[in-house]
file my_file-v4.txt (compact mmCIF, C-alpha atoms)
# COMPACT_ATOMS: atom_id res chain seq x y z
CA MET A 1 0.00 0.00 0.00
CA PRO A 2 1.31 3.50 -0.87
CA PHE A 3 1.64 4.98 2.62
CA THR A 4 4.69 6.78 4.06
CA PRO A 5 5.61 7.77 7.65
CA ILE A 6 4.18 11.07 8.88
CA HIS A 7 6.33 13.88 10.29
CA SER A 8 4.24 16.87 11.39
CA GLU A 9 3.22 18.85 14.46
CA LYS A 10 -0.43 18.11 13.72
CA LEU A 11 -0.24 14.42 12.90
CA SER A 12 -3.91 13.87 12.21
CA SER A 13 -3.95 16.71 9.63
CA ALA A 14 -0.96 15.19 7.87
CA VAL A 15 -2.69 11.80 7.78
CA VAL A 16 -5.82 13.40 6.30
CA ASP A 17 -3.73 15.17 3.67
CA GLN A 18 -1.87 12.00 2.64
CA ILE A 19 -4.96 9.80 2.30
CA GLU A 20 -6.93 12.58 0.62
CA THR A 21 -4.14 13.06 -1.93
CA LEU A 22 -3.99 9.32 -2.66
CA ILE A 23 -7.73 9.35 -3.36
CA LEU A 24 -7.49 12.51 -5.48
CA ARG A 25 -4.72 11.03 -7.64
CA GLY A 26 -6.68 7.84 -8.15
CA ILE A 27 -4.08 5.68 -6.38
CA LEU A 28 -6.64 4.58 -3.80
CA HIS A 29 -9.72 3.37 -5.68
CA PRO A 30 -13.42 3.63 -4.75
CA SER A 31 -14.47 0.64 -2.60
CA GLU A 32 -10.83 -0.24 -1.87
CA ARG A 33 -10.32 -1.56 1.64
CA LEU A 34 -7.73 0.27 3.75
CA PRO A 35 -5.36 -1.59 6.07
CA SER A 36 -6.49 -2.16 9.64
CA GLU A 37 -6.04 0.71 12.11
CA ARG A 38 -3.08 -1.06 13.68
CA ASP A 39 -1.38 -1.69 10.34
CA LEU A 40 -2.13 1.79 9.04
CA SER A 41 -0.84 3.53 12.16
CA GLU A 42 2.42 1.57 11.86
CA ARG A 43 2.84 2.41 8.16
CA LEU A 44 2.17 6.09 8.77
CA GLY A 45 4.21 6.21 11.98
CA VAL A 46 1.44 7.83 14.02
CA SER A 47 -0.41 6.90 17.20
CA ARG A 48 -3.78 5.19 17.07
CA PRO A 49 -5.55 8.26 18.58
CA SER A 50 -4.07 10.53 15.88
CA LEU A 51 -5.08 8.07 13.20
CA ARG A 52 -8.62 7.76 14.54
CA GLU A 53 -8.96 11.55 14.58
CA ALA A 54 -7.86 11.66 10.94
CA LEU A 55 -10.18 8.84 9.91
CA SER A 56 -13.11 10.54 11.60
CA GLU A 57 -12.41 13.72 9.61
CA LEU A 58 -12.12 11.77 6.33
CA GLU A 59 -15.38 10.00 7.13
CA ALA A 60 -17.10 13.33 7.83
CA ARG A 61 -15.90 14.54 4.40
CA GLY A 62 -17.45 11.50 2.78
CA LEU A 63 -14.14 10.12 1.51
CA ILE A 64 -14.08 6.92 3.56
CA GLN A 65 -16.67 4.78 5.28
CA ARG A 66 -16.56 2.21 8.05
CA LYS A 67 -18.41 -1.06 7.55
CA ALA A 68 -19.18 -3.02 10.69
CA GLY A 69 -17.14 -6.20 10.82
CA ALA A 70 -15.53 -5.50 7.43
CA GLY A 71 -13.17 -2.56 7.92
CA ILE A 72 -12.58 0.89 6.44
CA PHE A 73 -13.15 1.53 2.72
CA VAL A 74 -12.69 4.36 0.26
CA SER A 75 -16.15 5.75 -0.49
CA GLU A 76 -17.85 5.25 -3.85
CA ILE A 77 -17.32 8.90 -4.70
CA THR A 78 -17.44 8.32 -8.47
CA ALA A 79 -20.93 6.85 -8.24
CA ALA A 80 -22.26 10.30 -7.35
CA ALA A 81 -21.13 11.71 -10.71
CA PHE A 82 -24.48 10.65 -12.21
CA SER A 83 -27.84 10.61 -10.44
CA GLN A 84 -29.84 7.40 -10.53
CA PRO A 85 -32.67 8.94 -12.61
CA LEU A 86 -30.09 10.04 -15.21
CA ILE A 87 -28.50 6.56 -15.23
CA ASP A 88 -31.95 5.07 -15.82
CA LEU A 89 -32.46 7.46 -18.75
CA PHE A 90 -29.11 6.47 -20.24
CA SER A 91 -30.03 2.79 -20.06
CA ARG A 92 -33.36 3.24 -21.89
CA HIS A 93 -32.31 5.37 -24.88
CA ASP A 94 -29.97 4.48 -27.76
CA GLU A 95 -29.20 8.17 -28.23
CA ALA A 96 -27.23 8.08 -24.98
CA VAL A 97 -25.26 5.03 -26.16
CA PHE A 98 -23.89 6.70 -29.26
CA ASP A 99 -23.32 10.05 -27.54
CA TYR A 100 -21.39 8.12 -24.90
CA LEU A 101 -19.19 6.54 -27.58
CA ALA A 102 -18.58 9.96 -29.15
CA PHE A 103 -17.65 11.34 -25.73
CA ARG A 104 -15.22 8.46 -25.14
CA ARG A 105 -13.71 8.94 -28.61
CA ASP A 106 -12.87 12.56 -27.84
CA MET A 107 -11.73 12.11 -24.25
CA GLU A 108 -9.78 8.88 -24.70
CA GLY A 109 -8.13 10.18 -27.85
CA LEU A 110 -6.84 13.11 -25.80
CA ALA A 111 -5.85 10.79 -22.94
CA ALA A 112 -3.86 8.51 -25.28
CA GLU A 113 -2.14 11.53 -26.80
CA ARG A 114 -1.17 12.78 -23.33
CA ALA A 115 -0.11 9.30 -22.19
CA ALA A 116 2.29 9.01 -25.15
CA ARG A 117 3.79 12.39 -24.24
CA LEU A 118 3.59 12.50 -20.46
CA GLY A 119 3.32 8.91 -19.24
CA SER A 120 6.28 7.59 -17.28
CA GLU A 121 7.92 4.29 -18.11
CA THR A 122 6.06 2.83 -15.12
CA ASP A 123 2.75 4.09 -16.53
CA LEU A 124 3.52 2.44 -19.84
CA ALA A 125 4.56 -0.77 -18.09
CA VAL A 126 1.10 -0.94 -16.48
CA ILE A 127 -0.54 -0.57 -19.91
CA SER A 128 1.74 -3.27 -21.32
CA GLU A 129 0.93 -5.63 -18.45
CA ILE A 130 -2.81 -5.28 -19.04
CA MET A 131 -2.25 -5.75 -22.79
CA ALA A 132 -0.44 -9.02 -22.07
CA GLN A 133 -3.33 -10.16 -19.84
CA MET A 134 -5.79 -9.32 -22.61
CA GLU A 135 -3.83 -11.42 -25.09
CA LYS A 136 -3.81 -14.32 -22.65
CA ALA A 137 -7.57 -14.03 -22.06
CA HIS A 138 -8.06 -13.95 -25.83
CA GLU A 139 -6.05 -17.16 -26.24
CA ASN A 140 -8.13 -18.78 -23.50
CA ARG A 141 -11.33 -17.61 -25.24
CA SER A 142 -12.48 -15.91 -22.04
CA GLY A 143 -14.87 -13.24 -23.33
CA ALA A 144 -15.91 -12.10 -19.86
CA GLU A 145 -12.27 -11.64 -18.81
CA GLU A 146 -11.48 -9.77 -22.02
CA ALA A 147 -14.42 -7.44 -21.38
CA ARG A 148 -13.16 -6.71 -17.86
CA LEU A 149 -9.60 -6.10 -19.05
CA ASP A 150 -10.88 -3.87 -21.85
CA ALA A 151 -12.11 -1.34 -19.29
CA ASP A 152 -8.90 -1.71 -17.23
CA PHE A 153 -6.80 -1.06 -20.36
CA HIS A 154 -8.60 2.15 -21.25
CA LEU A 155 -8.56 3.36 -17.64
CA ALA A 156 -4.80 2.73 -17.42
CA ILE A 157 -4.33 5.02 -20.41
CA VAL A 158 -6.39 7.73 -18.70
CA GLU A 159 -4.30 7.28 -15.55
CA ALA A 160 -1.11 7.65 -17.63
CA SER A 161 -2.41 10.98 -18.99
CA HIS A 162 -1.90 12.50 -15.51
CA ASN A 163 -5.02 14.66 -15.42
CA ILE A 164 -6.90 14.01 -12.21
CA VAL A 165 -10.17 15.64 -13.35
CA MET A 166 -10.23 13.48 -16.47
CA LEU A 167 -9.33 10.44 -14.37
CA HIS A 168 -12.28 10.71 -12.00
CA MET A 169 -14.73 11.68 -14.74
CA MET A 170 -13.75 8.72 -16.91
CA ARG A 171 -13.63 6.33 -13.97
CA ALA A 172 -17.28 7.20 -13.29
CA THR A 173 -18.29 6.50 -16.91
CA TYR A 174 -16.35 3.22 -16.99
CA GLN A 175 -18.22 2.10 -13.91
CA LEU A 176 -21.50 2.61 -15.76
CA LEU A 177 -20.03 0.69 -18.70
CA ARG A 178 -19.05 -2.21 -16.44
CA GLU A 179 -22.59 -2.28 -15.07
CA GLY A 180 -24.01 -2.59 -18.60
CA VAL A 181 -25.83 0.76 -18.50
CA PHE A 182 -24.91 1.70 -22.07
CA TYR A 183 -24.55 -1.68 -23.77
CA ASN A 184 -23.54 -5.28 -23.13
CA ARG A 185 -19.79 -5.34 -23.77
CA GLN A 186 -19.59 -9.07 -23.08
CA GLU A 187 -21.86 -9.72 -26.06
CA MET A 188 -19.25 -8.13 -28.34
CA PHE A 189 -16.48 -10.25 -26.85
CA ARG A 190 -18.47 -13.45 -27.50
CA GLN A 191 -18.10 -12.98 -31.27
CA ARG A 192 -14.87 -14.50 -32.58
CA VAL A 193 -14.23 -12.04 -35.45
CA THR A 194 -15.11 -9.00 -33.34
CA ARG A 195 -12.89 -10.22 -30.49
CA SER A 196 -9.91 -10.58 -32.84
CA ASP A 197 -10.50 -7.14 -34.33
CA LEU A 198 -10.75 -5.55 -30.88
CA LEU A 199 -7.53 -7.21 -29.73
CA GLY A 200 -5.70 -5.89 -32.78
CA GLN A 201 -7.04 -2.39 -32.15
CA HIS A 202 -5.93 -2.47 -28.52
CA ARG A 203 -2.51 -3.65 -29.63
CA ALA A 204 -2.28 -0.70 -32.08
CA ILE A 205 -3.17 1.74 -29.27
CA HIS A 206 -0.61 0.11 -26.99
CA ASP A 207 2.15 0.15 -29.61
CA ALA A 208 1.61 3.82 -30.48
CA ILE A 209 1.76 4.86 -26.82
CA ARG A 210 4.89 2.75 -26.25
CA ALA A 211 6.45 4.36 -29.33
CA ARG A 212 5.76 7.81 -27.82
CA ASP A 213 3.63 8.69 -30.86
CA PRO A 214 0.89 11.06 -29.58
CA GLU A 215 -0.90 11.52 -32.91
CA GLY A 216 -0.71 7.80 -33.70
CA ALA A 217 -2.10 6.95 -30.26
CA ARG A 218 -5.02 9.34 -30.65
CA MET A 219 -5.81 8.05 -34.14
CA ALA A 220 -5.67 4.43 -32.93
CA VAL A 221 -8.17 5.19 -30.15
CA GLU A 222 -10.48 7.01 -32.58
CA ALA A 223 -10.34 4.11 -35.05
CA HIS A 224 -11.09 1.65 -32.24
CA LEU A 225 -14.15 3.52 -30.99
CA ASP A 226 -15.41 4.11 -34.55
CA TYR A 227 -15.27 0.32 -34.94
CA VAL A 228 -17.14 -0.18 -31.65
CA GLU A 229 -19.86 2.22 -32.83
CA THR A 230 -20.24 0.35 -36.13
CA ALA A 231 -20.29 -3.00 -34.30
CA MET A 232 -22.99 -1.69 -31.96
CA LEU A 233 -25.12 -0.54 -34.92
CA ASP A 234 -24.69 -3.95 -36.57
CA LEU A 235 -25.60 -5.72 -33.32
CA ARG A 236 -28.73 -3.60 -32.83
CA ARG A 237 -29.74 -4.21 -36.46
CA ALA A 238 -29.22 -7.96 -36.05
CA GLU A 239 -31.29 -8.01 -32.86
CA HIS A 240 -34.07 -6.06 -34.60
CA ASN A 241 -34.07 -8.43 -37.59
CA GLU A 242 -34.07 -11.47 -35.30
CA ALA A 243 -37.10 -10.14 -33.42
CA ILE A 244 -38.98 -9.75 -36.71
CA ALA A 245 -37.91 -13.22 -37.85
CA ARG A 246 -39.21 -14.74 -34.60
CA GLN A 247 -42.55 -12.99 -35.10
CA ARG A 248 -42.79 -14.43 -38.62
CA LEU A 249 -41.87 -17.90 -37.38
CA GLN A 250 -44.48 -17.78 -34.65
CA HIS A 251 -47.12 -16.50 -37.08
CA THR A 252 -46.25 -19.30 -39.52
CA ARG A 253 -46.63 -21.92 -36.78
CA ASP A 254 -49.94 -20.45 -35.65
CA SER A 255 -51.40 -20.32 -39.18
call {"tool": "encode", "arguments": {"input": "my_file-v4.txt", "output": "structure tokens"}}
result
Amino acid sequence: MPFTPIHSEKLSSAVVDQIETLILRGILHPSERLPSERDLSERLGVSRPSLREALSELEARGLIQRKAGAGIFVSEITAAAFSQPLIDLFSRHDEAVFDYLAFRRDMEGLAAERAARLGSETDLAVISEIMAQMEKAHENRSGAEEARLDADFHLAIVEASHNIVMLHMMRATYQLLREGVFYNRQEMFRQRVTRSDLLGQHRAIHDAIRARDPEGARMAVEAHLDYVETAMLDLRRAEHNEAIARQRLQHTRDS
């Protein structure tokens, strides 16, 4: 865990500042469980009373929450980015799906461009590690795992762009994506041809960022999300045609 010893006259304030900064930078994730009070006080080099004072302040700010019998967790602060009525609207209208893809195309293109310019070698190593896991999941024909890693891959690029506002905004939208609000990503990863195309597109994004090619990285992201949009249109058209075909079949049987 990324904690360092505290040296300050007001120890609790220093603890608050360190944990708050880790949350702000996206190092501590929503729903992540913090170490126990004993472990955390040792890592930070502060007394238990000072730590408890700091944790109480963080809890009052809504940044952490205590769960009885489970421990202390980072709050789901990204969930509040969209109200539940708005999420329900998104899930019921195709217009939101394609606007969402257009939004991702713009924001992730910028993030990839920044990652190629500003990402550290460690940032790029994280992206490469996820890319390797995606390739392994592809070989194992694990569509569900590929879908999960897809979101992790794109989020790692946003993290490597080093813009904390973009990070939290995109993390909130990816959470909705994981929950299937906009569309069923796993359905796309069940199709062999689509899965192979997506893997190749992710590899192109990865290679451009590793090559420190900002324009190439942006263009690779844009091409990828253009493909996703086309695949979504094709999938919706196929579902529509299948519904009509089933009606015809049922009518034929009933005649």
call {"tool": "atom_distance", "arguments": {"input": "my_file-v4.txt", "atom1": "CA of Ser91 in chain A", "atom2": "CA of Glu229 in chain A"}}
result
16.3 Å
call {"tool": "closest_residue", "arguments": {"input": "my_file-v4.txt", "among": "A:Arg203, A:Arg104, A:His29, A:Arg195", "to": "Ala147 in chain A", "atoms": "only C-alpha atoms"}}
result
A:Arg195
call {"tool": "closest_residue", "arguments": {"input": "my_file-v4.txt", "among": "A:Phe82, A:Ala231, A:Gly62, A:Ile157", "to": "Gln175 in chain A", "atoms": "only C-alpha atoms"}}
result
A:Phe82
call {"tool": "residues_around", "arguments": {"input": "my_file-v4.txt", "residues": "Tyr227 in chain A", "least_positions_apart": "6", "cutoff": "10 Å", "atoms": "all atoms listed in the file", "output": "ChimeraX atom specification"}}
result
/A:194,197-198,201,221,233
call {"tool": "atom_distance", "arguments": {"input": "my_file-v4.txt", "atom1": "CA of Met169 in chain A", "atom2": "CA of Asp207 in chain A"}}
result
25.3 Å
call {"tool": "build_atoms", "arguments": {"input": "my_file-v4.txt", "residues": "range 68-94 of chain A", "atoms": "N, CA and C atoms", "output": "PDB file, in the coordinates of the input"}}
result
ATOM      1  N   ALA A  68     -19.252  -2.179   9.488  1.00  0.00           N
ATOM      2  CA  ALA A  68     -19.180  -3.020  10.690  1.00  0.00           C
ATOM      3  C   ALA A  68     -18.716  -4.430  10.344  1.00  0.00           C
ATOM      4  N   GLY A  69     -17.647  -4.858  11.017  1.00  0.00           N
ATOM      5  CA  GLY A  69     -17.140  -6.200  10.820  1.00  0.00           C
ATOM      6  C   GLY A  69     -16.345  -6.402   9.547  1.00  0.00           C
ATOM      7  N   ALA A  70     -16.227  -5.357   8.715  1.00  0.00           N
ATOM      8  CA  ALA A  70     -15.530  -5.500   7.430  1.00  0.00           C
ATOM      9  C   ALA A  70     -14.293  -4.618   7.342  1.00  0.00           C
ATOM     10  N   GLY A  71     -14.338  -3.431   7.951  1.00  0.00           N
ATOM     11  CA  GLY A  71     -13.170  -2.560   7.920  1.00  0.00           C
ATOM     12  C   GLY A  71     -13.501  -1.172   7.394  1.00  0.00           C
ATOM     13  N   ILE A  72     -12.460  -0.487   6.934  1.00  0.00           N
ATOM     14  CA  ILE A  72     -12.580   0.890   6.440  1.00  0.00           C
ATOM     15  C   ILE A  72     -12.332   0.879   4.931  1.00  0.00           C
ATOM     16  N   PHE A  73     -13.213   1.550   4.179  1.00  0.00           N
ATOM     17  CA  PHE A  73     -13.150   1.530   2.720  1.00  0.00           C
ATOM     18  C   PHE A  73     -13.183   2.952   2.158  1.00  0.00           C
ATOM     19  N   VAL A  74     -12.555   3.104   0.997  1.00  0.00           N
ATOM     20  CA  VAL A  74     -12.690   4.360   0.260  1.00  0.00           C
ATOM     21  C   VAL A  74     -14.128   4.432  -0.237  1.00  0.00           C
ATOM     22  N   SER A  75     -14.745   5.590  -0.095  1.00  0.00           N
ATOM     23  CA  SER A  75     -16.150   5.750  -0.490  1.00  0.00           C
ATOM     24  C   SER A  75     -16.310   5.648  -1.999  1.00  0.00           C
ATOM     25  N   GLU A  76     -17.515   5.312  -2.424  1.00  0.00           N
ATOM     26  CA  GLU A  76     -17.850   5.250  -3.850  1.00  0.00           C
ATOM     27  C   GLU A  76     -18.132   6.663  -4.352  1.00  0.00           C
ATOM     28  N   ILE A  77     -17.106   7.496  -4.341  1.00  0.00           N
ATOM     29  CA  ILE A  77     -17.320   8.900  -4.700  1.00  0.00           C
ATOM     30  C   ILE A  77     -17.636   9.073  -6.180  1.00  0.00           C
ATOM     31  N   THR A  78     -17.155   8.159  -7.040  1.00  0.00           N
ATOM     32  CA  THR A  78     -17.440   8.320  -8.470  1.00  0.00           C
ATOM     33  C   THR A  78     -18.887   8.008  -8.793  1.00  0.00           C
ATOM     34  N   ALA A  79     -19.543   7.206  -7.968  1.00  0.00           N
ATOM     35  CA  ALA A  79     -20.930   6.850  -8.240  1.00  0.00           C
ATOM     36  C   ALA A  79     -21.844   8.072  -8.226  1.00  0.00           C
ATOM     37  N   ALA A  80     -21.442   9.103  -7.458  1.00  0.00           N
ATOM     38  CA  ALA A  80     -22.260  10.300  -7.350  1.00  0.00           C
ATOM     39  C   ALA A  80     -22.153  11.215  -8.559  1.00  0.00           C
ATOM     40  N   ALA A  81     -21.293  10.863  -9.527  1.00  0.00           N
ATOM     41  CA  ALA A  81     -21.130  11.710 -10.710  1.00  0.00           C
ATOM     42  C   ALA A  81     -22.411  11.756 -11.536  1.00  0.00           C
ATOM     43  N   PHE A  82     -23.218  10.693 -11.483  1.00  0.00           N
ATOM     44  CA  PHE A  82     -24.480  10.650 -12.210  1.00  0.00           C
ATOM     45  C   PHE A  82     -25.594  10.255 -11.239  1.00  0.00           C
ATOM     46  N   SER A  83     -26.707  10.958 -11.301  1.00  0.00           N
ATOM     47  CA  SER A  83     -27.840  10.610 -10.440  1.00  0.00           C
ATOM     48  C   SER A  83     -28.499   9.340 -10.972  1.00  0.00           C
ATOM     49  N   GLN A  84     -29.195   8.632 -10.111  1.00  0.00           N
ATOM     50  CA  GLN A  84     -29.840   7.400 -10.530  1.00  0.00           C
ATOM     51  C   GLN A  84     -30.898   7.632 -11.615  1.00  0.00           C
ATOM     52  N   PRO A  85     -31.708   8.698 -11.513  1.00  0.00           N
ATOM     53  CA  PRO A  85     -32.670   8.940 -12.610  1.00  0.00           C
ATOM     54  C   PRO A  85     -31.977   9.152 -13.959  1.00  0.00           C
ATOM     55  N   LEU A  86     -30.814   9.825 -13.962  1.00  0.00           N
ATOM     56  CA  LEU A  86     -30.090  10.040 -15.210  1.00  0.00           C
ATOM     57  C   LEU A  86     -29.513   8.725 -15.729  1.00  0.00           C
ATOM     58  N   ILE A  87     -29.004   7.884 -14.832  1.00  0.00           N
ATOM     59  CA  ILE A  87     -28.500   6.560 -15.230  1.00  0.00           C
ATOM     60  C   ILE A  87     -29.621   5.742 -15.863  1.00  0.00           C
ATOM     61  N   ASP A  88     -30.804   5.802 -15.265  1.00  0.00           N
ATOM     62  CA  ASP A  88     -31.950   5.070 -15.820  1.00  0.00           C
ATOM     63  C   ASP A  88     -32.306   5.585 -17.216  1.00  0.00           C
ATOM     64  N   LEU A  89     -32.206   6.890 -17.423  1.00  0.00           N
ATOM     65  CA  LEU A  89     -32.460   7.460 -18.750  1.00  0.00           C
ATOM     66  C   LEU A  89     -31.433   6.959 -19.757  1.00  0.00           C
ATOM     67  N   PHE A  90     -30.169   6.968 -19.359  1.00  0.00           N
ATOM     68  CA  PHE A  90     -29.110   6.470 -20.240  1.00  0.00           C
ATOM     69  C   PHE A  90     -29.414   5.047 -20.703  1.00  0.00           C
ATOM     70  N   SER A  91     -29.852   4.210 -19.770  1.00  0.00           N
ATOM     71  CA  SER A  91     -30.030   2.790 -20.060  1.00  0.00           C
ATOM     72  C   SER A  91     -31.215   2.516 -20.982  1.00  0.00           C
ATOM     73  N   ARG A  92     -32.147   3.485 -21.106  1.00  0.00           N
ATOM     74  CA  ARG A  92     -33.360   3.240 -21.890  1.00  0.00           C
ATOM     75  C   ARG A  92     -33.332   3.855 -23.290  1.00  0.00           C
ATOM     76  N   HIS A  93     -32.292   4.642 -23.596  1.00  0.00           N
ATOM     77  CA  HIS A  93     -32.310   5.370 -24.880  1.00  0.00           C
ATOM     78  C   HIS A  93     -31.006   5.162 -25.654  1.00  0.00           C
ATOM     79  N   ASP A  94     -31.142   4.702 -26.905  1.00  0.00           N
ATOM     80  CA  ASP A  94     -29.970   4.480 -27.760  1.00  0.00           C
ATOM     81  C   ASP A  94     -29.190   5.753 -28.020  1.00  0.00           C
TER      82      ASP A  94
END
